[in-house]
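Just my_file_32.txt here, compact mmCIF, N, CA and C atoms:
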# COMPACT_ATOMS: atom_id res chain seq x y z
N MET A 1 -8.38 -16.78 33.60
CA MET A 1 -7.21 -16.64 32.77
C MET A 1 -7.57 -15.76 31.57
N ALA A 2 -6.67 -14.88 31.23
CA ALA A 2 -6.91 -13.97 30.11
C ALA A 2 -6.87 -14.72 28.78
N THR A 3 -7.65 -14.22 27.84
CA THR A 3 -7.67 -14.79 26.50
C THR A 3 -6.45 -14.32 25.74
N ARG A 4 -5.80 -15.25 25.06
CA ARG A 4 -4.64 -14.91 24.26
C ARG A 4 -5.09 -14.31 22.93
N ILE A 5 -4.49 -13.21 22.56
CA ILE A 5 -4.81 -12.55 21.29
C ILE A 5 -3.71 -12.90 20.30
N THR A 6 -4.10 -13.43 19.17
CA THR A 6 -3.15 -13.82 18.14
C THR A 6 -3.36 -12.98 16.89
N HIS A 7 -2.28 -12.56 16.29
CA HIS A 7 -2.35 -11.80 15.04
C HIS A 7 -1.76 -12.64 13.92
N PHE A 8 -2.37 -12.58 12.77
CA PHE A 8 -1.86 -13.23 11.58
C PHE A 8 -1.42 -12.11 10.64
N TYR A 9 -0.16 -12.13 10.26
CA TYR A 9 0.39 -11.09 9.40
C TYR A 9 0.41 -11.55 7.94
N HIS A 10 0.11 -10.63 7.05
CA HIS A 10 0.08 -10.90 5.61
C HIS A 10 0.78 -9.76 4.89
N ASP A 11 1.17 -10.03 3.65
CA ASP A 11 1.73 -8.96 2.85
C ASP A 11 1.26 -9.10 1.41
N SER A 12 1.25 -7.99 0.72
CA SER A 12 0.93 -7.93 -0.69
C SER A 12 2.08 -7.19 -1.37
N GLN A 13 2.81 -7.90 -2.23
CA GLN A 13 3.95 -7.30 -2.91
C GLN A 13 3.60 -7.03 -4.36
N GLN A 14 3.98 -5.86 -4.84
CA GLN A 14 3.78 -5.50 -6.24
C GLN A 14 5.13 -5.15 -6.87
N LEU A 15 5.43 -5.85 -7.96
CA LEU A 15 6.64 -5.60 -8.76
C LEU A 15 6.19 -5.42 -10.21
N PRO A 16 5.55 -4.30 -10.53
CA PRO A 16 4.96 -4.15 -11.87
C PRO A 16 6.01 -4.13 -12.98
N ASP A 17 5.61 -4.69 -14.10
CA ASP A 17 6.48 -4.71 -15.28
C ASP A 17 5.64 -4.34 -16.49
N PRO A 18 5.80 -3.18 -17.05
CA PRO A 18 6.81 -2.19 -16.70
C PRO A 18 6.40 -1.39 -15.46
N ALA A 19 7.40 -0.96 -14.73
CA ALA A 19 7.17 -0.16 -13.53
C ALA A 19 6.79 1.26 -13.92
N PRO A 20 5.84 1.85 -13.19
CA PRO A 20 5.46 3.23 -13.52
C PRO A 20 6.58 4.22 -13.21
N VAL A 21 6.57 5.31 -13.95
CA VAL A 21 7.51 6.40 -13.72
C VAL A 21 6.73 7.50 -12.99
N LEU A 22 7.22 7.91 -11.83
CA LEU A 22 6.52 8.89 -11.01
C LEU A 22 6.90 10.31 -11.41
N GLY A 23 5.97 11.21 -11.14
CA GLY A 23 6.21 12.63 -11.33
C GLY A 23 5.93 13.37 -10.04
N THR A 24 5.70 14.67 -10.14
CA THR A 24 5.48 15.50 -8.97
C THR A 24 4.00 15.67 -8.62
N SER A 25 3.12 14.93 -9.30
CA SER A 25 1.70 14.92 -8.95
C SER A 25 1.17 13.50 -9.09
N PHE A 26 0.09 13.22 -8.38
CA PHE A 26 -0.52 11.90 -8.46
C PHE A 26 -1.10 11.69 -9.86
N ASP A 27 -1.01 10.46 -10.35
CA ASP A 27 -1.51 10.12 -11.68
C ASP A 27 -2.17 8.74 -11.58
N ILE A 28 -3.40 8.62 -12.08
CA ILE A 28 -4.09 7.33 -11.97
C ILE A 28 -3.42 6.23 -12.79
N ALA A 29 -2.53 6.59 -13.69
CA ALA A 29 -1.79 5.58 -14.45
C ALA A 29 -0.61 5.03 -13.64
N ASP A 30 -0.20 5.75 -12.61
CA ASP A 30 0.95 5.35 -11.78
C ASP A 30 0.45 4.86 -10.43
N VAL A 31 -0.03 3.63 -10.40
CA VAL A 31 -0.63 3.08 -9.20
C VAL A 31 -0.17 1.64 -9.01
N HIS A 32 -0.04 1.24 -7.76
CA HIS A 32 0.20 -0.17 -7.42
C HIS A 32 -1.09 -0.69 -6.81
N VAL A 33 -1.60 -1.80 -7.34
CA VAL A 33 -2.87 -2.37 -6.90
C VAL A 33 -2.58 -3.56 -5.98
N HIS A 34 -3.13 -3.51 -4.77
CA HIS A 34 -2.93 -4.57 -3.79
C HIS A 34 -4.27 -5.22 -3.45
N ASP A 35 -4.43 -6.49 -3.83
CA ASP A 35 -5.64 -7.24 -3.49
C ASP A 35 -5.36 -7.99 -2.19
N LEU A 36 -6.01 -7.57 -1.12
CA LEU A 36 -5.77 -8.14 0.20
C LEU A 36 -6.65 -9.34 0.51
N ALA A 37 -7.69 -9.57 -0.25
CA ALA A 37 -8.63 -10.65 0.04
C ALA A 37 -8.01 -12.05 0.01
N PRO A 38 -7.07 -12.38 -0.89
CA PRO A 38 -6.54 -13.75 -0.90
C PRO A 38 -5.91 -14.18 0.42
N GLY A 39 -5.45 -13.27 1.24
CA GLY A 39 -4.86 -13.64 2.52
C GLY A 39 -5.87 -13.93 3.60
N GLN A 40 -7.13 -13.66 3.34
CA GLN A 40 -8.16 -13.83 4.36
C GLN A 40 -8.72 -15.24 4.38
N ARG A 41 -9.42 -15.54 5.46
CA ARG A 41 -10.06 -16.85 5.59
C ARG A 41 -11.10 -17.02 4.47
N PRO A 42 -11.33 -18.26 4.00
CA PRO A 42 -12.25 -18.48 2.86
C PRO A 42 -13.64 -17.90 3.06
N VAL A 43 -14.18 -17.92 4.26
CA VAL A 43 -15.52 -17.38 4.47
C VAL A 43 -15.55 -15.88 4.17
N VAL A 44 -14.45 -15.19 4.45
CA VAL A 44 -14.38 -13.75 4.19
C VAL A 44 -14.20 -13.49 2.70
N ILE A 45 -13.39 -14.32 2.03
CA ILE A 45 -13.15 -14.14 0.61
C ILE A 45 -14.46 -14.26 -0.17
N ASN A 46 -15.31 -15.22 0.20
CA ASN A 46 -16.56 -15.42 -0.52
C ASN A 46 -17.49 -14.22 -0.41
N SER A 47 -17.50 -13.55 0.72
CA SER A 47 -18.37 -12.39 0.87
C SER A 47 -17.68 -11.12 0.37
N ARG A 48 -16.38 -11.18 0.17
CA ARG A 48 -15.56 -10.06 -0.29
C ARG A 48 -15.60 -8.88 0.69
N ASN A 49 -15.96 -9.14 1.94
CA ASN A 49 -15.82 -8.11 2.96
C ASN A 49 -14.44 -8.27 3.57
N TRP A 50 -13.63 -7.22 3.52
CA TRP A 50 -12.28 -7.29 4.03
C TRP A 50 -12.18 -6.52 5.33
N TYR A 51 -11.67 -7.18 6.36
CA TYR A 51 -11.43 -6.55 7.65
C TYR A 51 -9.99 -6.83 8.04
N GLY A 52 -9.29 -5.85 8.50
CA GLY A 52 -7.92 -6.06 8.92
C GLY A 52 -7.33 -4.78 9.46
N LYS A 53 -6.05 -4.86 9.78
CA LYS A 53 -5.32 -3.70 10.26
C LYS A 53 -4.16 -3.46 9.31
N LEU A 54 -4.19 -2.33 8.65
CA LEU A 54 -3.08 -1.96 7.77
C LEU A 54 -1.89 -1.62 8.66
N GLU A 55 -0.78 -2.31 8.45
CA GLU A 55 0.37 -2.17 9.32
C GLU A 55 1.44 -1.23 8.76
N SER A 56 1.89 -1.50 7.52
CA SER A 56 2.98 -0.70 6.98
C SER A 56 3.00 -0.77 5.46
N LEU A 57 3.74 0.15 4.87
CA LEU A 57 3.92 0.19 3.42
C LEU A 57 5.39 0.47 3.14
N TYR A 58 5.99 -0.37 2.30
CA TYR A 58 7.38 -0.20 1.87
C TYR A 58 7.35 0.21 0.40
N ILE A 59 8.14 1.22 0.04
CA ILE A 59 8.23 1.71 -1.33
C ILE A 59 9.70 1.68 -1.76
N ARG A 60 9.97 1.19 -2.98
CA ARG A 60 11.33 1.25 -3.53
C ARG A 60 11.29 1.93 -4.89
N LEU A 61 12.15 2.94 -5.04
CA LEU A 61 12.27 3.69 -6.29
C LEU A 61 13.68 3.52 -6.84
N THR A 62 13.77 3.43 -8.16
CA THR A 62 15.07 3.34 -8.81
C THR A 62 15.23 4.54 -9.74
N SER A 63 16.47 4.81 -10.12
CA SER A 63 16.78 5.97 -10.97
C SER A 63 16.16 7.23 -10.38
N ILE A 64 16.42 7.48 -9.08
CA ILE A 64 15.70 8.55 -8.38
C ILE A 64 16.11 9.95 -8.82
N GLY A 65 17.28 10.12 -9.38
CA GLY A 65 17.68 11.45 -9.84
C GLY A 65 17.63 12.47 -8.72
N ALA A 66 16.84 13.55 -8.90
CA ALA A 66 16.77 14.64 -7.94
C ALA A 66 15.75 14.41 -6.82
N ALA A 67 15.00 13.32 -6.87
CA ALA A 67 13.97 13.07 -5.86
C ALA A 67 14.59 12.83 -4.49
N THR A 68 14.04 13.48 -3.47
CA THR A 68 14.49 13.27 -2.09
C THR A 68 13.34 12.86 -1.18
N LYS A 69 12.10 13.09 -1.63
CA LYS A 69 10.92 12.75 -0.84
C LYS A 69 9.88 12.05 -1.71
N VAL A 70 9.11 11.16 -1.09
CA VAL A 70 8.01 10.49 -1.76
C VAL A 70 6.76 10.68 -0.90
N THR A 71 5.64 10.92 -1.57
CA THR A 71 4.35 11.07 -0.90
C THR A 71 3.43 9.97 -1.40
N ILE A 72 2.74 9.30 -0.46
CA ILE A 72 1.81 8.23 -0.85
C ILE A 72 0.39 8.61 -0.46
N ARG A 73 -0.55 7.94 -1.12
CA ARG A 73 -1.98 8.03 -0.80
C ARG A 73 -2.55 6.65 -1.07
N ILE A 74 -3.36 6.13 -0.15
CA ILE A 74 -3.99 4.82 -0.33
C ILE A 74 -5.49 5.02 -0.41
N THR A 75 -6.08 4.45 -1.47
CA THR A 75 -7.52 4.63 -1.70
C THR A 75 -8.21 3.29 -1.89
N ALA A 76 -9.53 3.32 -1.85
CA ALA A 76 -10.34 2.13 -2.08
C ALA A 76 -10.84 2.05 -3.52
N ASP A 77 -10.47 3.02 -4.34
CA ASP A 77 -10.91 3.01 -5.74
C ASP A 77 -9.76 3.37 -6.66
N ALA A 78 -9.86 2.92 -7.91
CA ALA A 78 -8.80 3.11 -8.89
C ALA A 78 -8.61 4.56 -9.31
N ASN A 79 -9.62 5.40 -9.10
CA ASN A 79 -9.51 6.81 -9.47
C ASN A 79 -8.88 7.66 -8.37
N GLY A 80 -8.64 7.06 -7.20
CA GLY A 80 -8.01 7.79 -6.10
C GLY A 80 -8.92 8.75 -5.38
N ASP A 81 -10.24 8.50 -5.45
CA ASP A 81 -11.20 9.43 -4.84
C ASP A 81 -11.70 8.99 -3.47
N VAL A 82 -11.74 7.68 -3.19
CA VAL A 82 -12.18 7.18 -1.88
C VAL A 82 -10.92 6.97 -1.04
N VAL A 83 -10.49 8.04 -0.39
CA VAL A 83 -9.19 8.05 0.31
C VAL A 83 -9.33 7.39 1.68
N LEU A 84 -8.48 6.38 1.91
CA LEU A 84 -8.41 5.72 3.22
C LEU A 84 -7.22 6.24 4.03
N ILE A 85 -6.08 6.39 3.38
CA ILE A 85 -4.88 6.94 4.01
C ILE A 85 -4.52 8.21 3.24
N PRO A 86 -4.65 9.38 3.88
CA PRO A 86 -4.37 10.63 3.17
C PRO A 86 -2.88 10.79 2.88
N ASP A 87 -2.56 11.82 2.12
CA ASP A 87 -1.18 12.07 1.70
C ASP A 87 -0.22 12.05 2.89
N THR A 88 0.80 11.20 2.76
CA THR A 88 1.81 11.05 3.79
C THR A 88 3.18 11.07 3.11
N GLU A 89 4.07 11.90 3.62
CA GLU A 89 5.37 12.10 2.98
C GLU A 89 6.49 11.46 3.80
N ALA A 90 7.50 10.95 3.10
CA ALA A 90 8.69 10.39 3.76
C ALA A 90 9.92 10.78 2.95
N THR A 91 11.03 10.91 3.64
CA THR A 91 12.30 11.16 2.98
C THR A 91 12.84 9.85 2.44
N LEU A 92 13.32 9.87 1.21
CA LEU A 92 13.89 8.67 0.61
C LEU A 92 15.25 8.37 1.24
N ALA A 93 15.45 7.12 1.61
CA ALA A 93 16.76 6.67 2.10
C ALA A 93 17.46 6.00 0.93
N THR A 94 18.64 6.49 0.60
CA THR A 94 19.37 5.93 -0.53
C THR A 94 20.33 4.85 -0.05
N GLY A 95 20.75 4.02 -1.00
CA GLY A 95 21.70 2.97 -0.68
C GLY A 95 23.05 3.53 -0.30
N ILE A 96 23.83 2.75 0.43
CA ILE A 96 25.16 3.19 0.85
C ILE A 96 26.10 3.24 -0.35
N THR A 97 26.00 2.25 -1.23
CA THR A 97 26.88 2.24 -2.41
C THR A 97 26.17 2.64 -3.69
N THR A 98 24.84 2.70 -3.65
CA THR A 98 24.08 3.07 -4.84
C THR A 98 23.10 4.18 -4.48
N ALA A 99 23.49 5.41 -4.77
CA ALA A 99 22.66 6.57 -4.44
C ALA A 99 21.51 6.77 -5.41
N THR A 100 21.40 5.93 -6.43
CA THR A 100 20.33 6.09 -7.42
C THR A 100 19.09 5.27 -7.06
N THR A 101 19.16 4.49 -5.99
CA THR A 101 18.01 3.71 -5.51
C THR A 101 17.61 4.24 -4.15
N GLY A 102 16.31 4.48 -3.96
CA GLY A 102 15.82 4.99 -2.69
C GLY A 102 14.64 4.19 -2.21
N SER A 103 14.45 4.16 -0.91
CA SER A 103 13.30 3.46 -0.35
C SER A 103 12.73 4.27 0.81
N ALA A 104 11.49 3.97 1.12
CA ALA A 104 10.80 4.62 2.23
C ALA A 104 9.87 3.60 2.88
N MET A 105 9.69 3.73 4.17
CA MET A 105 8.80 2.85 4.92
C MET A 105 7.81 3.73 5.67
N PHE A 106 6.54 3.36 5.55
CA PHE A 106 5.46 4.10 6.20
C PHE A 106 4.80 3.20 7.24
N SER A 107 4.68 3.68 8.46
CA SER A 107 3.95 2.96 9.49
C SER A 107 2.50 3.45 9.45
N ILE A 108 1.57 2.52 9.25
CA ILE A 108 0.17 2.90 9.10
C ILE A 108 -0.60 2.65 10.40
N ASP A 109 -0.59 1.40 10.87
CA ASP A 109 -1.20 1.04 12.16
C ASP A 109 -2.66 1.51 12.27
N LEU A 110 -3.49 1.10 11.30
CA LEU A 110 -4.88 1.56 11.25
C LEU A 110 -5.84 0.41 11.00
N PRO A 111 -6.75 0.15 11.95
CA PRO A 111 -7.80 -0.83 11.65
C PRO A 111 -8.65 -0.33 10.50
N CYS A 112 -9.03 -1.23 9.61
CA CYS A 112 -9.70 -0.83 8.39
C CYS A 112 -10.71 -1.89 7.99
N PHE A 113 -11.76 -1.48 7.32
CA PHE A 113 -12.73 -2.43 6.79
C PHE A 113 -13.14 -1.95 5.40
N LEU A 114 -13.36 -2.91 4.53
CA LEU A 114 -13.84 -2.61 3.19
C LEU A 114 -15.06 -3.48 2.96
N LEU A 115 -16.21 -2.89 2.95
CA LEU A 115 -17.45 -3.62 2.79
C LEU A 115 -17.82 -3.71 1.32
N GLU A 116 -18.86 -4.47 1.02
CA GLU A 116 -19.28 -4.64 -0.37
C GLU A 116 -19.62 -3.31 -1.03
N SER A 117 -20.01 -2.32 -0.24
CA SER A 117 -20.36 -1.02 -0.80
C SER A 117 -19.13 -0.23 -1.27
N PHE A 118 -17.94 -0.61 -0.78
CA PHE A 118 -16.72 0.07 -1.23
C PHE A 118 -16.38 -0.42 -2.63
N PRO A 119 -15.91 0.47 -3.49
CA PRO A 119 -15.47 0.01 -4.81
C PRO A 119 -14.24 -0.87 -4.65
N GLY A 120 -14.17 -1.96 -5.41
CA GLY A 120 -12.99 -2.83 -5.38
C GLY A 120 -12.74 -3.47 -4.04
N ASN A 121 -13.80 -3.91 -3.36
CA ASN A 121 -13.70 -4.45 -2.02
C ASN A 121 -12.56 -5.44 -1.89
N GLY A 122 -11.69 -5.24 -0.91
CA GLY A 122 -10.53 -6.10 -0.71
C GLY A 122 -9.33 -5.66 -1.51
N THR A 123 -9.50 -4.64 -2.34
CA THR A 123 -8.41 -4.14 -3.16
C THR A 123 -8.11 -2.70 -2.75
N LEU A 124 -6.83 -2.43 -2.52
CA LEU A 124 -6.40 -1.07 -2.21
C LEU A 124 -5.48 -0.57 -3.31
N TYR A 125 -5.53 0.72 -3.54
CA TYR A 125 -4.75 1.36 -4.59
C TYR A 125 -3.77 2.32 -3.94
N VAL A 126 -2.49 2.11 -4.21
CA VAL A 126 -1.45 2.95 -3.63
C VAL A 126 -0.91 3.87 -4.72
N PHE A 127 -1.06 5.15 -4.49
CA PHE A 127 -0.56 6.17 -5.40
C PHE A 127 0.68 6.80 -4.78
N ALA A 128 1.60 7.26 -5.61
CA ALA A 128 2.80 7.91 -5.12
C ALA A 128 3.20 9.05 -6.04
N LYS A 129 3.91 10.01 -5.47
CA LYS A 129 4.49 11.11 -6.23
C LYS A 129 5.77 11.52 -5.51
N VAL A 130 6.64 12.23 -6.20
CA VAL A 130 7.91 12.67 -5.63
C VAL A 130 8.02 14.19 -5.66
N ASP A 131 9.01 14.70 -4.96
CA ASP A 131 9.19 16.15 -4.90
C ASP A 131 9.93 16.72 -6.11
N ALA A 132 10.68 15.87 -6.81
CA ALA A 132 11.43 16.31 -8.00
C ALA A 132 11.83 15.10 -8.82
N GLY A 133 12.06 15.31 -10.10
CA GLY A 133 12.54 14.24 -10.95
C GLY A 133 11.44 13.27 -11.39
N THR A 134 11.88 12.17 -12.01
CA THR A 134 10.95 11.15 -12.51
C THR A 134 11.52 9.76 -12.26
N PRO A 135 11.54 9.32 -11.00
CA PRO A 135 12.07 7.99 -10.71
C PRO A 135 11.12 6.88 -11.13
N THR A 136 11.65 5.68 -11.19
CA THR A 136 10.86 4.49 -11.51
C THR A 136 10.41 3.85 -10.20
N TRP A 137 9.11 3.56 -10.11
CA TRP A 137 8.52 2.96 -8.90
C TRP A 137 8.55 1.45 -9.08
N SER A 138 9.59 0.81 -8.58
CA SER A 138 9.83 -0.60 -8.89
C SER A 138 9.18 -1.59 -7.93
N GLU A 139 8.83 -1.18 -6.71
CA GLU A 139 8.26 -2.15 -5.77
C GLU A 139 7.47 -1.45 -4.68
N SER A 140 6.41 -2.13 -4.23
CA SER A 140 5.70 -1.72 -3.02
C SER A 140 5.24 -2.99 -2.30
N VAL A 141 5.28 -2.94 -0.99
CA VAL A 141 4.83 -4.05 -0.15
C VAL A 141 3.91 -3.47 0.91
N LEU A 142 2.65 -3.90 0.91
CA LEU A 142 1.67 -3.47 1.88
C LEU A 142 1.48 -4.61 2.88
N ALA A 143 1.79 -4.37 4.14
CA ALA A 143 1.65 -5.39 5.18
C ALA A 143 0.39 -5.11 6.00
N TRP A 144 -0.30 -6.18 6.36
CA TRP A 144 -1.51 -6.03 7.16
C TRP A 144 -1.68 -7.24 8.06
N SER A 145 -2.53 -7.10 9.06
CA SER A 145 -2.77 -8.21 10.00
C SER A 145 -4.26 -8.39 10.22
N GLU A 146 -4.59 -9.56 10.71
CA GLU A 146 -5.97 -9.84 11.11
C GLU A 146 -5.98 -10.37 12.51
What is this structure when it is put down as structure tokens?
Amino acid sequence: MATRITHFYHDSQQLPDPAPVLGTSFDIADVHVHDLAPGQRPVVINSRNWYGKLESLYIRLTSIGAATKVTIRITADANGDVVLIPDTEATLATGITTATTGSAMFSIDLPCFLLESFPGNGTLYVFAKVDAGTPTWSESVLAWSE
């Protein structure tokens, strides 16, 4: 009989206050920090080695103005230099009744590991920029599985 494979899904939601204001270039001050270690089994948390599969990223922007696209980058360090997910662009979907709020969903689907040698092990840094304007980055949700 085949072995059953089970996945455990987790999410990390960030609702920063105050929310960063995005521009047309990446800025280390405009970052959402996602600590993925609390969702792991205690034995993994103690060693701070994070293993999992990054599944998706949801972004919500408010007061989007002229912005029509958002580009994200996910790194293992706060300076944005240890890149895990390179620049990926999506078109913002606006609300049906509120055109000033936009959102984007990114499918990642990437097995990933963060060992003790990685800076901020278990913590990922999501950077974003837009094609025009200066919208407010009000929410991000990073989903992952083990």
Give as a PyMOL selection string each residue that has an atom at most 6 Å from (11.1, 10.6, -9.3) in the file, counting only C-alpha atoms. chain A and resi 22-23+64+67+130+132-135
What's around His34 in chain A at 12 Å? Count only C-alpha atoms, leave out sequence neighbours fewer than 5 positions away in its own chain, and write the answer as a VMD selection string. chain A and resid 10 to 16 39 54 57 74 to 78 120 to 127 139 to 144
Contacts of range 104-111 of chain A at 8 Å or less, counting all atoms listed in the file, minus same-chain residues fewer than 5 places along, as number ranges by chain? A: 51-61, 70, 88-94
Residue with smallest distance to Asp131 in chain A - pool A:Ile85, A:Ile96, A:Val21, A:Ala66, counting only C-alpha atoms: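 Ranking A:Ile85, A:Ile96, A:Val21, A:Ala66 by distance to Asp131 in chain A, first place goes to A:Ala66.
CA of Ser63 in chain A sits 24.5 Å away from atom C of Pro86 in chain A.
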Just how far from atom N of Pro20 in chain A is atom N of Ala99 in chain A, in Å to one decimal? 19.9 Å
